[in-house]
file work.txt (compact mmCIF, C-alpha atoms and all ligand atoms)
# COMPACT_ATOMS: atom_id res chain seq x y z
CA MET A 1 92.00 147.54 104.98
CA GLY A 2 95.11 145.92 103.47
CA LYS A 3 95.31 143.63 100.44
CA TYR A 4 95.06 140.50 102.52
CA THR A 5 91.87 139.38 104.19
CA THR A 6 91.02 136.40 106.35
CA CYS A 7 87.61 134.96 107.14
CA GLU A 8 85.84 133.24 110.01
CA THR A 9 87.50 129.94 110.89
CA ALA A 10 86.31 126.64 112.34
CA TRP A 11 89.15 126.64 114.91
CA CYS A 12 88.37 126.49 118.66
CA PRO A 13 88.37 129.81 120.53
CA GLY A 14 91.83 130.35 122.04
CA CYS A 15 93.61 127.97 119.63
CA GLY A 16 97.17 128.96 118.72
CA ASP A 17 96.25 128.68 115.02
CA HIS A 18 94.46 132.07 115.09
CA ASN A 19 97.63 134.04 115.80
CA ILE A 20 99.50 132.18 113.07
CA LEU A 21 96.86 133.12 110.49
CA ASP A 22 96.98 136.76 111.65
CA ALA A 23 100.78 136.76 111.57
CA LEU A 24 100.79 135.27 108.06
CA LYS A 25 98.47 138.02 106.87
CA THR A 26 100.68 140.71 108.44
CA ALA A 27 103.86 139.15 107.05
CA LEU A 28 102.40 139.08 103.53
CA GLU A 29 101.32 142.72 103.88
CA ILE A 30 104.90 143.62 104.87
CA ILE A 31 106.40 141.68 101.95
CA GLY A 32 104.07 143.59 99.63
CA LYS A 33 103.27 140.89 97.06
CA GLU A 34 99.78 140.89 95.59
CA PRO A 35 97.49 138.05 96.80
CA HIS A 36 97.42 136.54 93.28
CA GLU A 37 101.24 136.24 93.42
CA VAL A 38 101.06 134.02 96.50
CA LEU A 39 100.06 130.35 96.88
CA VAL A 40 99.31 128.89 100.32
CA VAL A 41 99.31 125.08 100.48
CA GLY A 42 98.10 122.74 103.22
CA GLY A 43 97.52 119.02 103.59
CA ILE A 44 94.88 117.74 106.04
CA GLY A 45 94.36 118.81 109.65
CA GLN A 46 93.38 121.90 111.61
CA ALA A 47 96.47 123.86 110.55
CA ALA A 48 96.06 122.66 106.98
CA LYS A 49 92.78 124.56 106.70
CA THR A 50 94.79 127.82 106.51
CA PRO A 51 94.64 128.06 102.67
CA GLN A 52 90.85 128.22 102.98
CA TYR A 53 90.99 131.20 105.34
CA ILE A 54 93.16 133.71 103.44
CA ASN A 55 92.55 135.41 100.09
CA THR A 56 95.66 134.12 98.27
CA ASN A 57 95.69 131.24 95.80
CA GLY A 58 95.20 128.07 97.83
CA PHE A 59 95.65 124.33 97.50
CA CYS A 60 94.61 121.61 99.95
CA GLY A 61 96.41 118.31 99.37
CA LEU A 62 95.88 114.92 100.97
CA HIS A 63 97.17 114.25 104.49
CA GLY A 64 100.96 114.38 104.35
CA ARG A 65 100.88 115.75 100.83
CA ALA A 66 101.31 119.50 101.21
CA ILE A 67 104.95 119.53 100.15
CA PRO A 68 104.72 117.80 96.71
CA PRO A 69 102.10 120.17 95.21
CA ALA A 70 103.93 123.17 96.69
CA VAL A 71 107.20 122.05 95.08
CA ALA A 72 105.43 121.29 91.80
CA ALA A 73 103.76 124.71 91.74
CA LYS A 74 107.10 126.47 92.30
CA ILE A 75 108.78 124.41 89.58
CA ALA A 76 105.97 125.22 87.12
CA ASN A 77 105.67 128.88 88.09
CA LYS A 78 108.89 130.30 89.52
CA GLY A 79 107.32 133.75 89.98
CA LEU A 80 104.88 132.48 92.63
CA THR A 81 105.62 132.96 96.33
CA VAL A 82 104.82 129.47 97.63
CA ILE A 83 104.06 128.94 101.31
CA ILE A 84 103.13 125.68 103.02
CA ASP A 85 101.04 126.17 106.14
CA SER A 86 100.30 122.83 107.75
CA GLY A 87 100.49 120.72 110.90
CA ASP A 88 103.17 118.68 112.67
CA GLY A 89 101.42 115.41 111.78
CA ASP A 90 100.95 116.45 108.18
CA SER A 91 104.48 117.78 107.74
CA TYR A 92 106.58 115.38 109.82
CA GLY A 93 104.44 112.21 110.11
CA GLU A 94 102.40 111.39 107.03
CA GLY A 95 104.55 113.79 105.01
CA GLY A 96 107.87 112.83 106.62
CA ASN A 97 109.37 111.31 103.50
CA HIS A 98 108.51 114.41 101.44
CA PHE A 99 109.92 116.61 104.20
CA ILE A 100 113.29 114.84 104.09
CA HIS A 101 113.74 114.63 100.34
CA ASN A 102 112.50 118.09 99.48
CA ILE A 103 114.96 119.64 101.90
CA ARG A 104 117.62 117.95 99.75
CA ARG A 105 116.13 119.57 96.62
CA ASN A 106 116.16 123.09 98.14
CA VAL A 107 113.23 124.42 96.13
CA ASP A 108 112.52 128.06 97.01
CA ILE A 109 109.42 127.56 99.19
CA THR A 110 108.56 128.47 102.78
CA HIS A 111 107.24 125.87 105.21
CA PHE A 112 105.33 127.02 108.30
CA VAL A 113 104.51 124.11 110.61
CA HIS A 114 101.83 124.66 113.25
CA ASP A 115 103.48 122.37 115.80
CA ASN A 116 100.90 121.64 118.51
CA GLN A 117 102.66 118.35 119.35
CA ILE A 118 99.38 116.52 118.71
CA TYR A 119 96.94 115.38 116.03
CA GLY A 120 94.36 118.11 116.68
CA LEU A 121 91.71 117.47 114.03
CA THR A 122 91.33 113.79 114.94
CA LYS A 123 91.01 114.68 118.64
CA GLY A 124 94.37 114.34 120.28
CA GLN A 125 96.44 111.29 119.30
CA ALA A 126 100.23 111.49 119.66
CA SER A 127 102.04 113.09 116.71
CA PRO A 128 105.74 112.79 115.77
CA THR A 129 106.59 115.72 118.10
CA THR A 130 104.57 114.55 121.13
CA ASP A 131 106.86 114.24 124.16
CA GLU A 132 107.55 110.73 125.47
CA GLY A 133 105.14 109.81 128.28
CA HIS A 134 102.42 112.23 127.13
CA VAL A 135 99.07 110.57 127.98
CA THR A 136 96.37 110.81 125.30
CA ALA A 137 93.01 109.09 124.81
CA VAL A 138 94.66 106.39 122.67
CA GLN A 139 98.02 106.34 124.48
CA PRO A 140 96.65 105.87 128.05
CA ALA A 141 100.04 104.72 129.34
CA GLY A 142 101.77 107.66 127.65
CA SER A 143 103.41 107.91 124.25
CA VAL A 144 106.23 105.36 124.09
CA ASN A 145 107.90 106.77 120.99
CA MET A 146 110.84 109.15 121.15
CA PRO A 147 109.78 112.51 119.72
CA MET A 148 111.26 113.59 116.43
CA ASN A 149 113.40 116.74 116.35
CA PRO A 150 112.42 118.44 113.06
CA LEU A 151 114.85 121.34 113.45
CA LEU A 152 117.86 119.10 114.08
CA LEU A 153 116.80 116.88 111.18
CA ALA A 154 116.38 119.85 108.82
CA ILE A 155 119.78 121.32 109.76
CA SER A 156 121.50 117.96 109.37
CA LEU A 157 119.92 117.47 105.93
CA GLY A 158 121.33 120.80 104.76
CA ALA A 159 118.33 123.13 105.01
CA GLY A 160 119.54 126.73 104.65
CA PHE A 161 116.92 128.43 106.84
CA VAL A 162 115.71 126.78 110.02
CA ALA A 163 113.77 128.67 112.68
CA ARG A 164 111.41 128.23 115.59
CA ALA A 165 108.69 130.66 116.63
CA PHE A 166 105.81 130.70 119.10
CA SER A 167 102.21 131.49 118.29
CA GLY A 168 101.95 133.32 121.65
CA ASP A 169 104.50 135.95 120.49
CA LYS A 170 102.96 137.35 117.32
CA GLU A 171 105.38 140.24 116.83
CA HIS A 172 108.37 137.90 116.86
CA LEU A 173 106.51 135.37 114.69
CA VAL A 174 105.81 138.00 112.02
CA LYS A 175 109.52 138.96 111.88
CA VAL A 176 110.59 135.33 111.48
CA MET A 177 107.89 134.74 108.85
CA VAL A 178 109.03 137.75 106.80
CA ASP A 179 112.67 136.57 106.89
CA ALA A 180 111.62 133.02 105.96
CA ILE A 181 109.51 134.14 102.99
CA LYS A 182 112.30 136.41 101.73
CA TYR A 183 114.91 133.64 102.03
CA LYS A 184 115.92 132.11 98.66
CA GLY A 185 115.54 128.36 99.13
CA TYR A 186 113.64 126.00 101.41
CA ALA A 187 112.86 127.71 104.72
CA LEU A 188 111.39 125.85 107.69
CA VAL A 189 109.71 127.59 110.61
CA ASP A 190 108.46 125.26 113.34
CA ILE A 191 105.80 127.29 115.16
CA LEU A 192 104.89 126.14 118.67
CA GLN A 193 101.10 126.29 118.65
CA PRO A 194 99.06 125.31 121.70
CA CYS A 195 96.05 123.11 120.96
CA VAL A 196 93.81 124.25 123.81
CA SER A 197 91.32 121.41 123.36
CA PHE A 198 93.48 118.28 123.10
CA ASN A 199 96.94 119.10 124.43
CA LYS A 200 96.60 119.98 128.11
CA ILE A 201 100.36 119.74 128.69
CA ASN A 202 102.01 122.02 126.12
CA THR A 203 99.83 125.04 126.92
CA PHE A 204 100.52 128.77 126.43
CA GLN A 205 101.66 128.87 130.09
CA TRP A 206 103.92 125.82 129.62
CA TYR A 207 105.67 127.44 126.64
CA ASN A 208 105.75 130.93 128.21
CA LYS A 209 107.70 129.53 131.16
CA ARG A 210 110.34 127.97 128.92
CA ILE A 211 110.71 130.06 125.80
CA TYR A 212 113.53 132.56 125.31
CA LYS A 213 114.55 134.55 122.24
CA LEU A 214 117.93 134.12 120.58
CA ASN A 215 119.61 137.55 120.76
CA GLU A 216 122.10 139.42 118.56
CA THR A 217 125.07 137.64 120.13
CA TYR A 218 123.84 134.37 118.62
CA ASP A 219 125.43 133.53 115.23
CA PRO A 220 122.92 131.70 112.96
CA GLY A 221 125.76 130.97 110.51
CA ASN A 222 127.37 128.43 112.84
CA LYS A 223 125.96 124.99 112.07
CA LEU A 224 127.24 123.28 115.20
CA SER A 225 125.78 125.96 117.50
CA ALA A 226 122.53 125.69 115.54
CA MET A 227 122.45 121.94 116.15
CA GLU A 228 123.06 122.52 119.85
CA LYS A 229 120.22 125.08 119.95
CA ALA A 230 117.94 122.67 118.06
CA MET A 231 118.58 120.07 120.78
CA GLU A 232 117.69 122.47 123.60
CA TRP A 233 114.26 121.35 124.76
CA GLY A 234 112.92 121.14 128.29
CA ASP A 235 113.35 123.88 130.89
CA LYS A 236 114.57 126.26 128.16
CA ILE A 237 113.36 126.43 124.57
CA PRO A 238 115.03 128.87 122.13
CA ILE A 239 113.01 130.70 119.46
CA GLY A 240 114.35 132.66 116.49
CA ILE A 241 116.47 131.85 113.44
CA LEU A 242 118.63 128.93 114.51
CA TYR A 243 120.42 128.48 111.19
CA LYS A 244 120.81 130.52 108.02
CA GLU A 245 123.08 129.96 105.05
CA GLU A 246 122.84 131.20 101.45
CA LYS A 247 123.01 128.30 99.00
CA PRO A 248 121.98 127.53 95.41
CA THR A 249 118.33 126.65 94.99
CA TYR A 250 116.87 123.90 92.81
CA HIS A 251 116.18 126.48 90.09
CA ASP A 252 119.74 127.84 90.30
CA LYS A 253 121.07 124.34 89.64
CA ILE A 254 118.75 123.47 86.75
CA HIS A 255 119.50 126.01 84.03
CA PHE A 256 116.42 125.06 82.03
CA LEU A 257 114.31 126.31 84.95
CA ARG A 258 116.57 129.19 85.95
CA ASP A 259 116.89 130.83 82.52
CA GLY A 260 113.95 132.16 80.55
CA ASP A 261 110.28 132.34 81.37
CA ALA A 262 108.47 130.30 83.98
CA LEU A 263 107.33 126.94 82.56
CA VAL A 264 103.68 128.07 82.68
CA ASP A 265 104.53 131.02 80.42
CA ARG A 266 106.39 129.01 77.78
CA LYS A 267 104.79 128.01 74.50
CA VAL A 268 104.19 124.27 74.20
CA GLU A 269 105.65 123.09 70.92
CA VAL A 270 103.06 120.43 70.13
CA GLU A 271 104.79 119.20 66.97
CA LYS A 272 108.04 118.57 68.90
CA VAL A 273 106.16 116.69 71.63
CA LYS A 274 104.39 114.59 68.97
CA GLY A 275 107.78 113.71 67.53
CA PHE A 276 109.02 112.47 70.94
CA MET A 277 105.82 110.48 71.49
CA GLU A 278 106.20 108.75 68.13
CA ASP A 279 109.56 107.38 69.27
CA PHE A 280 107.66 105.31 71.88
CA VAL A 281 104.99 103.93 69.54
C1 LIG A 301 96.86 109.15 105.26
C2 LIG A 301 95.96 109.67 106.34
N1 LIG A 301 96.15 109.26 107.61
C3 LIG A 301 95.38 109.73 108.60
C4 LIG A 301 94.36 110.59 108.32
C5 LIG A 301 93.48 111.09 109.44
N2 LIG A 301 93.87 112.43 109.89
C6 LIG A 301 93.26 113.53 109.38
S1 LIG A 301 93.81 114.94 110.12
C7 LIG A 301 94.84 114.06 111.12
C8 LIG A 301 95.68 114.75 112.16
C9 LIG A 301 96.28 116.04 111.72
O1 LIG A 301 97.28 116.39 112.62
P1 LIG A 301 98.28 117.56 112.28
O2 LIG A 301 98.83 117.43 110.93
O3 LIG A 301 99.24 117.66 113.40
O4 LIG A 301 97.30 118.83 112.24
P2 LIG A 301 96.47 119.52 113.42
O5 LIG A 301 95.07 119.02 113.26
O6 LIG A 301 97.08 119.12 114.72
O7 LIG A 301 96.62 120.98 113.11
C10 LIG A 301 94.78 112.68 110.87
C11 LIG A 301 95.55 111.65 111.58
C12 LIG A 301 94.16 111.00 106.99
N3 LIG A 301 93.23 111.90 106.66
N4 LIG A 301 94.95 110.53 106.02
S1 LIG A 302 91.32 121.02 118.23
FE1 LIG A 302 93.18 122.03 118.91
S2 LIG A 302 94.32 122.53 117.02
FE2 LIG A 302 92.18 122.12 116.48
S3 LIG A 302 91.18 124.13 116.44
FE3 LIG A 302 90.82 123.20 118.46
S4 LIG A 302 92.50 123.99 119.75
FE4 LIG A 302 93.09 124.32 117.61
MG MG A 303 99.16 118.90 115.05
call {"tool": "encode", "arguments": {"input": "work.txt", "output": "structure tokens", "more": "lines below"}}
Ligand SMILES: Cc1ncc(C[n+]2csc(CCOP(=O)(O)OP(=O)(O)O)c2C)c(N)n1
Ligand code: SF4
Ligand SMILES: [Mg+2]
result
Amino acid sequence: MGKYTTCETAWCPGCGDHNILDALKTALEIIGKEPHEVLVVGGIGQAAKTPQYINTNGFCGLHGRAIPPAVAAKIANKGLTVIIDSGDGDSYGEGGNHFIHNIRRNVDITHFVHDNQIYGLTKGQASPTTDEGHVTAVQPAGSVNMPMNPLLLAISLGAGFVARAFSGDKEHLVKVMVDAIKYKGYALVDILQPCVSFNKINTFQWYNKRIYKLNETYDPGNKLSAMEKAMEWGDKIPIGILYKEEKPTYHDKIHFLRDGDALVDRKVEVEKVKGFMEDFV
């Protein structure tokens, strides 16, 4: 048995979440960090239960609030490998504002989004990535909103690692996860994840018919091609690393964080702090 273990989950049999949890475990085994060196963070939702199912450090935030504690943990403890594992609603809907502004910060964290194009836990309402016209129990005439394109948004905001994977292709998913975790800076992987109970449209078969892998002739360093690939959705859906660029992280730009020990390992100089506080009395 490896260092990483998972436990029984409350997910439906056949749900795409199972493969993502397995792939995460395999990716962490490959990377070789100890479980205590890793923090997995979720918000609320089916996907967001992941931190409860793997033997790393874990944190469950409020709905839409996976990104702020993940960023805070990395700022406080730069030695931690910080991974967000959460849903499309959590990451792009309730957490949309955090998604946008933390891309701009480029903190060195990895963001895996279980994108089932639906609110799974609350039984199938439209999420930000639900296709227009998709009929749900509370959108009986079909979703009227245009779906959000998280990959295009992330690339346009300057994210340095933007990828898409599919929960039905675990081998490929593991490879993308390993590259994303190793990347220095904010890395987004949107993982297409069929919700077998509440999304009867975007099924394993639906994705299998459309998905194709980007091959070695594709250049992930070309931003315009990456944007074009991010917009490809319909009869053909590309998976793989759409965009990759090395760039300075938040810690690289703030010397106080970059140099010296992690904040959690520094001595707090109480007398100095008292002095500052007295200025405000
Ligand atoms: C602020 C807030 N709004 C709504 C909810 C209700 N809620 C809980 S989980 C959920 C849906 C989660 O969807 P997603 O993030 O896509 O995860 P999934 O269950 O599909 O994996 C909603 C709407 C909540 N808990 N908090
Ligand atoms: S409701 Fe959907 S997302 Fe949630 S566990 Fe079941 S199949 Fe998976
Ligand atoms: Mg969802």
call {"tool": "closest_residue", "arguments": {"input": "work.txt", "among": "A:Thr81, A:Thr56, A:Thr136, A:Thr50", "to": "ligand LIG 301 (chain A)", "atoms": "all atoms listed in the file"}}
result
A:Thr50
call {"tool": "residues_around", "arguments": {"input": "work.txt", "residues": "Ala163 (chain A)", "least_positions_apart": "6", "cutoff": "6 Å", "atoms": "only C-alpha atoms", "output": "PyMOL selection string"}}
result
chain A and resi 189+240-242
call {"tool": "write_last_selection", "arguments": {"input": "work.txt", "atoms": "C-alpha atoms", "output": "mmCIF file, in the frame of the given file"}}
result
data_model
loop_
_atom_site.group_PDB
_atom_site.id
_atom_site.type_symbol
_atom_site.label_atom_id
_atom_site.label_comp_id
_atom_site.auth_asym_id
_atom_site.auth_seq_id
_atom_site.Cartn_x
_atom_site.Cartn_y
_atom_site.Cartn_z
ATOM 1 C CA VAL A 189 109.710 127.590 110.610
ATOM 2 C CA GLY A 240 114.350 132.660 116.490
ATOM 3 C CA ILE A 241 116.470 131.850 113.440
ATOM 4 C CA LEU A 242 118.630 128.930 114.510
#
call {"tool": "closest_atom_pairs", "arguments": {"input": "work.txt", "of": "chain A", "to": "ligand LIG 302 (chain A)", "cutoff": "12 Å", "atoms": "all atoms listed in the file", "output": "CSV"}}
result
residue,atom,partner,partner_atom,distance
A:Thr9,CA,A:LIG302,S3,8.8
A:Ala10,CA,A:LIG302,S3,6.8
A:Trp11,CA,A:LIG302,S3,3.6
A:Cys12,CA,A:LIG302,FE3,4.1
A:Pro13,CA,A:LIG302,S4,7.2
A:Gly14,CA,A:LIG302,S4,6.8
A:Cys15,CA,A:LIG302,S4,4.1
A:Gly16,CA,A:LIG302,FE4,6.3
A:Asp17,CA,A:LIG302,FE4,6.0
A:His18,CA,A:LIG302,FE4,8.3
A:Asn19,CA,A:LIG302,FE4,10.9
A:Ile20,CA,A:LIG302,FE4,11.1
A:Leu21,CA,A:LIG302,FE4,11.9
A:Ile44,CA,A:LIG302,FE2,11.6
A:Gly45,CA,A:LIG302,FE2,7.9
A:Gln46,CA,A:LIG302,FE2,5.0
A:Ala47,CA,A:LIG302,S2,6.9
A:Ala48,CA,A:LIG302,S2,10.2
A:Lys49,CA,A:LIG302,S3,9.9
A:Thr50,CA,A:LIG302,S3,11.2
A:Ser86,CA,A:LIG302,S2,11.0
A:Gly87,CA,A:LIG302,S2,8.9
A:Asp88,CA,A:LIG302,S2,10.6
A:Gly89,CA,A:LIG302,S2,11.3
A:His114,CA,A:LIG302,S2,8.7
A:Asp115,CA,A:LIG302,S2,9.2
A:Asn116,CA,A:LIG302,S2,6.8
A:Gln117,CA,A:LIG302,S2,9.6
A:Ile118,CA,A:LIG302,S2,8.0
A:Tyr119,CA,A:LIG302,S2,7.7
A:Gly120,CA,A:LIG302,S2,4.4
A:Leu121,CA,A:LIG302,FE2,5.3
A:Thr122,CA,A:LIG302,S1,7.9
A:Lys123,CA,A:LIG302,S1,6.4
A:Gly124,CA,A:LIG302,S1,7.6
A:Gln125,CA,A:LIG302,S1,11.0
A:Ser167,CA,A:LIG302,FE4,11.6
A:Leu192,CA,A:LIG302,S2,11.3
A:Gln193,CA,A:LIG302,S2,7.9
A:Pro194,CA,A:LIG302,S4,7.0
A:Cys195,CA,A:LIG302,FE1,3.7
A:Val196,CA,A:LIG302,S4,4.3
A:Ser197,CA,A:LIG302,S4,4.6
A:Phe198,CA,A:LIG302,FE1,5.6
A:Asn199,CA,A:LIG302,FE1,7.3
A:Lys200,CA,A:LIG302,FE1,10.0
A:Asn202,CA,A:LIG302,FE1,11.4
A:Thr203,CA,A:LIG302,S4,10.3
A:Phe204,CA,A:LIG302,S4,11.5
call {"tool": "axis_aligned_box", "arguments": {"input": "work.txt", "around": "ligand LIG 301 (chain A)", "padding_each_side": "8 Å", "output": "AutoDock Vina command-line options"}}
result
--center_x 96.2 --center_y 115.1 --center_z 110.0 --size_x 22.0 --size_y 27.8 --size_z 25.5
call {"tool": "atom_distance", "arguments": {"input": "work.txt", "atom1": "CA of Ile237 (chain A)", "atom2": "CA of Thr217 (chain A)"}}
result
16.8 Å
call {"tool": "closest_residue", "arguments": {"input": "work.txt", "among": "A:Glu271, A:Glu37, A:Asp252, A:Glu94", "to": "ligand MG 303 (chain A)", "atoms": "all atoms listed in the file"}}
result
A:Glu94
call {"tool": "atom_distance", "arguments": {"input": "work.txt", "atom1": "CA of Ala165 (chain A)", "atom2": "CA of Ile239 (chain A)"}}
result
5.2 Å
call {"tool": "atom_distance", "arguments": {"input": "work.txt", "atom1": "atom C7 of ligand LIG 301 (chain A)", "atom2": "CA of Gln139 (chain A)"}}
result
15.8 Å
call {"tool": "closest_residue", "arguments": {"input": "work.txt", "among": "A:Met148, A:Leu257, A:Tyr183, A:Met277", "to": "Met231 (chain A)", "atoms": "all atoms listed in the file"}}
result
A:Met148
call {"tool": "closest_residue", "arguments": {"input": "work.txt", "among": "A:Arg65, A:Lys25, A:Lys74, A:His101", "to": "ligand LIG 301 (chain A)", "atoms": "all atoms listed in the file"}}
result
A:Arg65
call {"tool": "closest_residue", "arguments": {"input": "work.txt", "among": "A:Pro128, A:Pro140, A:Gly260, A:Pro68", "to": "Gly43 (chain A)", "atoms": "all atoms listed in the file"}}
result
A:Pro68
call {"tool": "closest_residue", "arguments": {"input": "work.txt", "among": "A:Ile191, A:Ile211, A:Met177, A:Ile103", "to": "ligand LIG 301 (chain A)", "atoms": "only C-alpha atoms and all ligand atoms"}}
result
A:Ile191
call {"tool": "residues_near_point", "arguments": {"input": "work.txt", "point": "(102.8, 132.5, 126.7)", "cutoff": "8 Å", "atoms": "only C-alpha atoms", "output": "JSON, numbers by chain"}}
result
{"A": [168, 169, 204, 205, 206, 207, 208, 209]}
call {"tool": "residues_near_point", "arguments": {"input": "work.txt", "point": "(105.6, 124.6, 96.2)", "cutoff": "10 Å", "atoms": "only C-alpha atoms", "output": "ChimeraX atom specification"}}
result
/A:39-41,66-78,80-84,107-111,186
call {"tool": "write_last_selection", "arguments": {"input": "work.txt", "atoms": "C-alpha atoms", "output": "mmCIF file, in the coordinates of the input"}}
result
data_model
loop_
_atom_site.group_PDB
_atom_site.id
_atom_site.type_symbol
_atom_site.label_atom_id
_atom_site.label_comp_id
_atom_site.auth_asym_id
_atom_site.auth_seq_id
_atom_site.Cartn_x
_atom_site.Cartn_y
_atom_site.Cartn_z
ATOM 1 C CA LEU A 39 100.060 130.350 96.880
ATOM 2 C CA VAL A 40 99.310 128.890 100.320
ATOM 3 C CA VAL A 41 99.310 125.080 100.480
ATOM 4 C CA ALA A 66 101.310 119.500 101.210
ATOM 5 C CA ILE A 67 104.950 119.530 100.150
ATOM 6 C CA PRO A 68 104.720 117.800 96.710
ATOM 7 C CA PRO A 69 102.100 120.170 95.210
ATOM 8 C CA ALA A 70 103.930 123.170 96.690
ATOM 9 C CA VAL A 71 107.200 122.050 95.080
ATOM 10 C CA ALA A 72 105.430 121.290 91.800
ATOM 11 C CA ALA A 73 103.760 124.710 91.740
ATOM 12 C CA LYS A 74 107.100 126.470 92.300
ATOM 13 C CA ILE A 75 108.780 124.410 89.580
ATOM 14 C CA ALA A 76 105.970 125.220 87.120
ATOM 15 C CA ASN A 77 105.670 128.880 88.090
ATOM 16 C CA LYS A 78 108.890 130.300 89.520
ATOM 17 C CA LEU A 80 104.880 132.480 92.630
ATOM 18 C CA THR A 81 105.620 132.960 96.330
ATOM 19 C CA VAL A 82 104.820 129.470 97.630
ATOM 20 C CA ILE A 83 104.060 128.940 101.310
ATOM 21 C CA ILE A 84 103.130 125.680 103.020
ATOM 22 C CA VAL A 107 113.230 124.420 96.130
ATOM 23 C CA ASP A 108 112.520 128.060 97.010
ATOM 24 C CA ILE A 109 109.420 127.560 99.190
ATOM 25 C CA THR A 110 108.560 128.470 102.780
ATOM 26 C CA HIS A 111 107.240 125.870 105.210
ATOM 27 C CA TYR A 186 113.640 126.000 101.410
#
call {"tool": "decode", "arguments": {"input": "work.txt", "residues": "region 182-187 of chain A", "atoms": "all heavy atoms", "output": "PDB file, in the first residue's frame"}}
result
ATOM      1  N   LYS A 182       3.019  20.157 -10.122  1.00  0.00           N
ATOM      2  CA  LYS A 182       4.441  20.552 -10.209  1.00  0.00           C
ATOM      3  C   LYS A 182       4.607  22.002 -10.688  1.00  0.00           C
ATOM      4  O   LYS A 182       5.651  22.607 -10.474  1.00  0.00           O
ATOM      5  CB  LYS A 182       5.180  19.629 -11.194  1.00  0.00           C
ATOM      6  CG  LYS A 182       5.469  18.256 -10.606  1.00  0.00           C
ATOM      7  CD  LYS A 182       6.309  17.476 -11.594  1.00  0.00           C
ATOM      8  CE  LYS A 182       6.737  16.132 -11.050  1.00  0.00           C
ATOM      9  NZ  LYS A 182       7.263  15.277 -12.146  1.00  0.00           N
ATOM     10  N   TYR A 183       3.607  22.525 -11.386  1.00  0.00           N
ATOM     11  CA  TYR A 183       3.718  23.876 -11.951  1.00  0.00           C
ATOM     12  C   TYR A 183       3.864  24.910 -10.829  1.00  0.00           C
ATOM     13  O   TYR A 183       3.166  24.846  -9.826  1.00  0.00           O
ATOM     14  CB  TYR A 183       2.475  24.187 -12.804  1.00  0.00           C
ATOM     15  CG  TYR A 183       2.464  25.593 -13.322  1.00  0.00           C
ATOM     16  CD1 TYR A 183       3.289  25.959 -14.383  1.00  0.00           C
ATOM     17  CD2 TYR A 183       1.665  26.566 -12.732  1.00  0.00           C
ATOM     18  CE1 TYR A 183       3.300  27.272 -14.842  1.00  0.00           C
ATOM     19  CE2 TYR A 183       1.668  27.879 -13.185  1.00  0.00           C
ATOM     20  CZ  TYR A 183       2.493  28.223 -14.244  1.00  0.00           C
ATOM     21  OH  TYR A 183       2.519  29.516 -14.693  1.00  0.00           O
ATOM     22  N   LYS A 184       4.754  25.866 -11.008  1.00  0.00           N
ATOM     23  CA  LYS A 184       4.959  26.934 -10.004  1.00  0.00           C
ATOM     24  C   LYS A 184       4.040  28.103 -10.317  1.00  0.00           C
ATOM     25  O   LYS A 184       4.312  28.868 -11.230  1.00  0.00           O
ATOM     26  CB  LYS A 184       6.416  27.415 -10.026  1.00  0.00           C
ATOM     27  CG  LYS A 184       7.393  26.398  -9.498  1.00  0.00           C
ATOM     28  CD  LYS A 184       7.639  26.582  -8.004  1.00  0.00           C
ATOM     29  CE  LYS A 184       8.186  25.378  -7.314  1.00  0.00           C
ATOM     30  NZ  LYS A 184       7.226  24.361  -6.869  1.00  0.00           N
ATOM     31  N   GLY A 185       2.941  28.200  -9.587  1.00  0.00           N
ATOM     32  CA  GLY A 185       1.966  29.255  -9.807  1.00  0.00           C
ATOM     33  C   GLY A 185       0.573  28.657  -9.788  1.00  0.00           C
ATOM     34  O   GLY A 185       0.408  27.448  -9.549  1.00  0.00           O
ATOM     35  N   TYR A 186      -0.426  29.487 -10.061  1.00  0.00           N
ATOM     36  CA  TYR A 186      -1.809  28.995 -10.056  1.00  0.00           C
ATOM     37  C   TYR A 186      -2.046  28.109 -11.280  1.00  0.00           C
ATOM     38  O   TYR A 186      -1.805  28.518 -12.418  1.00  0.00           O
ATOM     39  CB  TYR A 186      -2.784  30.179 -10.067  1.00  0.00           C
ATOM     40  CG  TYR A 186      -4.223  29.751 -10.237  1.00  0.00           C
ATOM     41  CD1 TYR A 186      -4.972  29.321  -9.153  1.00  0.00           C
ATOM     42  CD2 TYR A 186      -4.810  29.759 -11.503  1.00  0.00           C
ATOM     43  CE1 TYR A 186      -6.276  28.899  -9.316  1.00  0.00           C
ATOM     44  CE2 TYR A 186      -6.130  29.343 -11.674  1.00  0.00           C
ATOM     45  CZ  TYR A 186      -6.849  28.915 -10.571  1.00  0.00           C
ATOM     46  OH  TYR A 186      -8.150  28.489 -10.738  1.00  0.00           O
ATOM     47  N   ALA A 187      -2.507  26.885 -11.033  1.00  0.00           N
ATOM     48  CA  ALA A 187      -2.777  25.950 -12.133  1.00  0.00           C
ATOM     49  C   ALA A 187      -4.233  25.510 -12.058  1.00  0.00           C
ATOM     50  O   ALA A 187      -4.698  25.053 -11.011  1.00  0.00           O
ATOM     51  CB  ALA A 187      -1.857  24.739 -12.022  1.00  0.00           C
TER      52      ALA A 187
END
